[in-house]
Amino acid sequence: MTLLETSGRRAMHSGLTPEKLLLSARGIRKSYRKGPAEVPVLRGVDLQVYQGELLAIIGQSGSGKSTLLHVLGTLDAPDEGEIHFDGQRIDRMAPLLQDSFRNQRLGMIFQFYHLLPELTTLENVLAPLMIRDSVWRYWRNRRRYRAEAERLLEMVGLGHRLKHRPRELSGGEMQRAAIARALIARPELLLADEPTGNLDRNTGGEIMRLLRSLNEHENLTIVMVTHDQSIAAAADRIVRLADGRIAA
Amino acid sequence: MYKLLLCLRYLRTRWIALASIVSVMLGVATMIVVNSVMAGFAREMEDRIHGVLADLSFQARDFNGAPDADWHMEQIRRIAGDYIEGMTPVVVVPGMLNFRVGGNWMTQQVEIVGIEEQSHSLVSDYARYLQHPENRRQFAWSLRDGGYDVYDHQAGSEAPARPQMNEAGWSHRRYVAEREMFEERLRRNRTPQAFAPSSLGQQAPAAAPATESAAMAAPAEVGEPRRSETPEPNESAAAPRDFAADAGGTSAGTAGANAGESASPPPAADPFLNRADPFAPYNAASAPMESSFDPRQHQHTGAVLGMAMASFRGRDGADRFIMLPGDDVKLTFPTVGMPPKILSDEFTVVDLYESKMSEYDSRFVFVPIRKLQELRGMIDPTTGVGMFNSIQIKLKPGVDGNMVRDLLAAQFPEELFIVATWRDKQGALLAAVQMETAILNVLLFLIIAVAGFGILAIFFMIVFEKTRDIGILKSLGAHGRGVMGIFLSYGLSLGAVGSGVGMVMGLLFVRYINEIADLLGRITGRKVFDPSIYYFYSIPAIVEPATVAWIVGGAMLIAVAASVAPALQAARLHPVEALRYE
């Protein structure tokens with residue numbers, strides 16, 4: 001229930017206090033090298049994410065939206081530009097600090113769910129905690145962690161699937177498990193890379209409803225990239241990425 | 001934590017990796033077996049060499065020896081007395097051993113060693129190798145009544161019995177002596193008619209003279225009820241005899257015996273069991289017939305023969321004896337003096353000596369040092385002080401032999417004396433075994449190294465296959481080092497499983513090595529370990545915990561080392577590219 005208790009932050013969302021800038025990107029440039037030619041993907045992206053909002057970045061395939069998300073999530077480094085998270089510059093941090101940052105303050109979900117096939121649903125959800133803690137500390141807290149993971153899985157509607165392997169789950173279930181995994185470490189920001197891209201309209205709608213409710217009830221800030229206008233419609237704010245720039 | 005979990009999961013789901021460690025397993029098992037057997041052989045050999053040779057030997061360069069052992073021992077004690085537990089003087093001289101087998105004189109080249117029976121047992125394991133339990137406890141130069149070991153006391157139950165040893169001792173001596181007297185009597189009262197109608201005589205070749213073949217056959221016939229025969233004391237045996245006539249008779253009898261033996265079938269299944277029966281009496285003439293000497297009650301000076309001189313080992317591993325304690329032998333050796341003369345004297349075998357080092361067992365004849373000194377003329381007639389060839393020194397436990405050797409070598413004139421440890425004397429042999437072990441270890445370790453390359457290849461495959469998972473872990477915040485840890489611990493666990501199972505296999509193999517050798521022998525129809533070649537009845541194996549630890553540790557190190565490169569590659573994977581990988 002701890003996550004639900006933080007819902008006091010909803011007050012900010014309702015506009016009673018000025019919205020706090022959580023993540024800001026300035027002049028992000030990123031290009032990939034293909035043979036001798038340099039292919040620019042991001043050509044100076046400026047983006048602000050405010051605490052508690054659900055932001056959708058919409059763009060065509062190849063517009064660089066996934067790359068932007070990776071750069072925002074410190075998985076990839078920008079060629080130029082700065083990214084600040086909660087006032088702290090994150091794109092030039094030492095790799096070890098970036099790893100810990102991703103582990104403790106970010107949650108990520110992907111189009112292809114990216115669950116570990118060797119682990120059960122429950123273990124997949126627990127993975128970020130296993131990565132965070134030493135063996136000894138994890139062992140000491142294992143009951144608490146397990147209860148937390150079970151609660152999250154219950155919340156996303158997978159309470160009956162704890163011991164199943166990812167390949168025994170449907171696409172929607174896998175994405176729910178991925179969401180539960182992204183939430184276990186209580187992140188401040190959830191980055192979603194085409195979370196419905198591989199799901200049918202119905203299931204995708206369910207996932208969107210889940211994200212929406214997380215945003216509203218847990219006051220979770222969510223940045224989502226998608227190419228689907230109708231999915232993006234559920235967001236608080238939509239920005240359009242075209243030609244490596246934010247269009248409007 | 002995730003490292004452990006993933007590592008265990010990978011171990012459980014990637015059976016191919018386990019296949020790669022089978023070679024680690026086999027390598028470890030083989031190394032343990034080879035090392036144990038080599039160590040066993042080396043230890044056995046060192047034990048035997050050391051059992052025969054004292055810790056340190058102080059040796060005169062002169063073949064004729066140096067005077068006054070007591071004075072030298074006094075000096076040695078003065079120089080290094082703190083390190084010395086015991087000393088004994090020894091006279092060594094090459095010589096010839098003459099003994100009779102089936103009526104023939106046989107000669108062997110031997111090393112005659114004169115020892116002081118009391119102090120010698122303290123300095124070396126000499127007494128431990130004797131065949132009579134009482135001699136092992138308290139050695140004496142007198143022939144025992146009987147009770148010589150029928151079962152090899154140094155071997156386990158797998159050694160075949162030596163039934164001939166039942167007869168050894170005074171009973172054997174009396175029996176042989178009585179046979180000789182009986183034959184002597186026959187010769188005196190020789191009347192050809194008495195022996196002519198003999199079944200064996202008819203089988204004899206026509207070319208052989210009738211009297212001779214009859215004479216040859218007769219004892220064999222009489223010999224059938226061996227022990228039941230009651231010999232009457234023969235006073236005439238003590239009477240002086242015509243030596244020349246007897247010698248002639250002997251050679252004729254021997255010739256006839258040879259002819260008969262080659263033509264007629266062997267009278268019994270084991271010709272050596274009753275070898276004394278047919279021919280021995282013919283040579284009775286050569287025994288010295290002093291008026292006071294009755295071979296049934298008296299013995300010559302005692303001698304201890306090496307086991308390999310008195311017996312040989314058949315294909316089945318059983319020992320056949322051609323001499324037993326109680327038999328008389330002749331020893332021939334040079335005297336001290338210019339020029340040396342050849343001297344020969346009669347000795348009675350009182351025990352057999354089996355160190356299981358064939359080099360020693362087929363060469364050494366031990367006799368009392370005083371007797372040998374007397375015979376060789378090594379005793380100063382005025383003072384009664386004897387000469388010695390070497391002084392055998394036993395060191396106190398834990399004393400470094402090389403140190404004492406150098407200490408002594410510095411104090412005595414080098415041109416007169418050699419000081420050597422037992423290792424110095426057998427250095428080449430021990431070094432060869434060590435070298436062999438080292439080379440085998442290198443070769444076998446290369447096998448494990450080859451296994452390491454197998455692990456390397458399979459790990460690269462696994463990293464390749466797990467690229468996306470690595471990307472996921474990194475996106476979840478796993479450090480590169482953590483990802484590397486997964487694969488390193490994976491390699492370590494594979495190595496641990498491989499070398500652990502290999503160790504158990506190897507130890508079990510060593511534990512049951514003789515059973516396995518027997519089984520292989522039965523399957524292939526060829527003896528893997530032929531006891532007629534080796535002096536041991538079973539394969540000696542010693543498991544040295546340190547060696548096993550080294551092997552297991554080395555194998556695990558190789559497994560880890562082989563996983564370093566794939567693990568590094570995994571750690572360096574770019575998360576975005578890894579995530580994109582399908």
# chains A, B, ... in the order shown; residues from 1 in each chain; ligands from 1
>>> select_by_dssp(residues="region 324-482 of chain B", states="strand (DSSP E)", output="ChimeraX atom specification")
/B:328-334,342-353,364-368,387-388,390-395,417-421
>>> interface_residues(of="chain B", to="chain A", cutoff="7 Å", atoms="only C-alpha atoms", output="compact mmCIF listing (two decimals) with all heavy atoms, in the first residue's frame")
# COMPACT_ATOMS: atom_id res chain seq x y z
N MET B 1 22.88 -10.35 -6.22
CA MET B 1 21.87 -11.40 -6.01
C MET B 1 21.42 -11.98 -7.35
O MET B 1 21.37 -13.18 -7.54
CB MET B 1 20.68 -10.78 -5.27
CG MET B 1 19.58 -11.78 -5.00
SD MET B 1 20.13 -13.07 -3.86
CE MET B 1 18.99 -14.36 -4.30
N TYR B 2 21.13 -11.08 -8.29
CA TYR B 2 20.66 -11.54 -9.59
C TYR B 2 21.71 -12.37 -10.29
O TYR B 2 21.40 -13.27 -11.06
CB TYR B 2 20.27 -10.34 -10.46
CG TYR B 2 21.44 -9.47 -10.85
CD1 TYR B 2 21.93 -9.46 -12.15
CD2 TYR B 2 22.05 -8.65 -9.92
CE1 TYR B 2 23.00 -8.67 -12.49
CE2 TYR B 2 23.12 -7.85 -10.25
CZ TYR B 2 23.59 -7.86 -11.54
OH TYR B 2 24.66 -7.09 -11.88
N ARG B 9 20.27 -20.34 -12.88
CA ARG B 9 19.29 -20.64 -13.91
C ARG B 9 19.96 -21.06 -15.21
O ARG B 9 19.53 -21.99 -15.88
CB ARG B 9 18.38 -19.43 -14.17
CG ARG B 9 17.38 -19.18 -13.09
CD ARG B 9 16.35 -20.30 -13.02
NE ARG B 9 15.85 -20.46 -11.66
CZ ARG B 9 14.91 -19.69 -11.12
NH1 ARG B 9 14.35 -18.75 -11.84
NH2 ARG B 9 14.54 -19.89 -9.88
N ASP B 469 19.15 -10.29 -23.12
CA ASP B 469 18.99 -10.34 -21.66
C ASP B 469 20.00 -9.44 -20.97
O ASP B 469 19.69 -8.79 -19.97
CB ASP B 469 19.17 -11.77 -21.15
CG ASP B 469 18.05 -12.67 -21.61
OD1 ASP B 469 17.37 -12.27 -22.58
OD2 ASP B 469 17.86 -13.74 -21.02
N ILE B 472 18.68 -6.05 -21.23
CA ILE B 472 17.60 -5.84 -20.25
C ILE B 472 18.18 -5.55 -18.88
O ILE B 472 17.80 -4.60 -18.20
CB ILE B 472 16.70 -7.09 -20.19
CG1 ILE B 472 16.01 -7.32 -21.53
CG2 ILE B 472 15.67 -6.94 -19.08
CD1 ILE B 472 15.33 -8.66 -21.64
N SER B 475 19.51 -2.16 -18.72
CA SER B 475 18.47 -1.15 -18.66
C SER B 475 17.84 -1.11 -17.27
O SER B 475 17.32 -0.10 -16.84
CB SER B 475 17.40 -1.41 -19.73
OG SER B 475 16.55 -2.46 -19.30
N LEU B 476 17.89 -2.21 -16.57
CA LEU B 476 17.36 -2.25 -15.21
C LEU B 476 18.38 -1.73 -14.21
O LEU B 476 18.12 -1.70 -13.01
CB LEU B 476 16.97 -3.67 -14.82
CG LEU B 476 15.79 -4.26 -15.59
CD1 LEU B 476 15.54 -5.69 -15.15
CD2 LEU B 476 14.55 -3.43 -15.39
N GLY B 477 19.57 -1.37 -14.70
CA GLY B 477 20.54 -0.76 -13.81
C GLY B 477 21.67 -1.67 -13.37
O GLY B 477 22.39 -1.34 -12.45
N ALA B 478 21.82 -2.86 -14.05
CA ALA B 478 22.93 -3.73 -13.67
C ALA B 478 24.23 -3.12 -14.18
O ALA B 478 24.28 -2.58 -15.28
CB ALA B 478 22.74 -5.10 -14.29
N HIS B 479 25.27 -3.18 -13.37
CA HIS B 479 26.57 -2.66 -13.79
C HIS B 479 27.20 -3.65 -14.76
O HIS B 479 26.91 -4.83 -14.74
CB HIS B 479 27.52 -2.53 -12.59
CG HIS B 479 26.98 -1.64 -11.53
ND1 HIS B 479 26.29 -0.49 -11.79
CD2 HIS B 479 27.02 -1.74 -10.18
CE1 HIS B 479 25.95 0.09 -10.67
NE2 HIS B 479 26.36 -0.66 -9.66
N PRO B 575 23.99 -1.24 -24.16
CA PRO B 575 22.63 -1.67 -23.79
C PRO B 575 21.61 -1.46 -24.92
O PRO B 575 20.76 -2.32 -25.15
CB PRO B 575 22.30 -0.82 -22.57
CG PRO B 575 23.37 0.21 -22.46
CD PRO B 575 24.55 -0.31 -23.18
N VAL B 576 21.73 -0.34 -25.63
CA VAL B 576 20.73 -0.08 -26.67
C VAL B 576 20.83 -1.10 -27.78
O VAL B 576 19.85 -1.68 -28.23
CB VAL B 576 20.91 1.35 -27.22
CG1 VAL B 576 20.03 1.55 -28.45
CG2 VAL B 576 20.56 2.37 -26.15
>>> residues_around(residues="His160 (chain A)", least_positions_apart="2", cutoff="12 Å", atoms="only C-alpha atoms", output="VMD selection string")
chain A and resid 121 to 122 150 to 151 153 to 158 162 to 164 169 173 177
>>> select_by_dssp(residues="region 6-236 of chain A", states="alpha helix (DSSP H)", output="ChimeraX atom specification")
/A:10-13,65-72,95-105,121-132,135-155,171-183,201-217,229-232
>>> residues_around(residues="Val365 (chain B)", least_positions_apart="3", cutoff="12 Å", atoms="only C-alpha atoms", output="number ranges by chain")
B: 91-98, 108-115, 126, 302-310, 329-333, 347-354, 360-362, 368-369, 372
>>> atom_distance(atom1="CA of Gly471 (chain B)", atom2="CA of Ser493 (chain B)")
23.2 Å
>>> atom_distance(atom1="CA of Pro67 (chain B)", atom2="CA of Asp406 (chain B)")
22.5 Å
>>> atom_distance(atom1="CA of Gly244 (chain A)", atom2="CA of Gly64 (chain A)")
6.0 Å
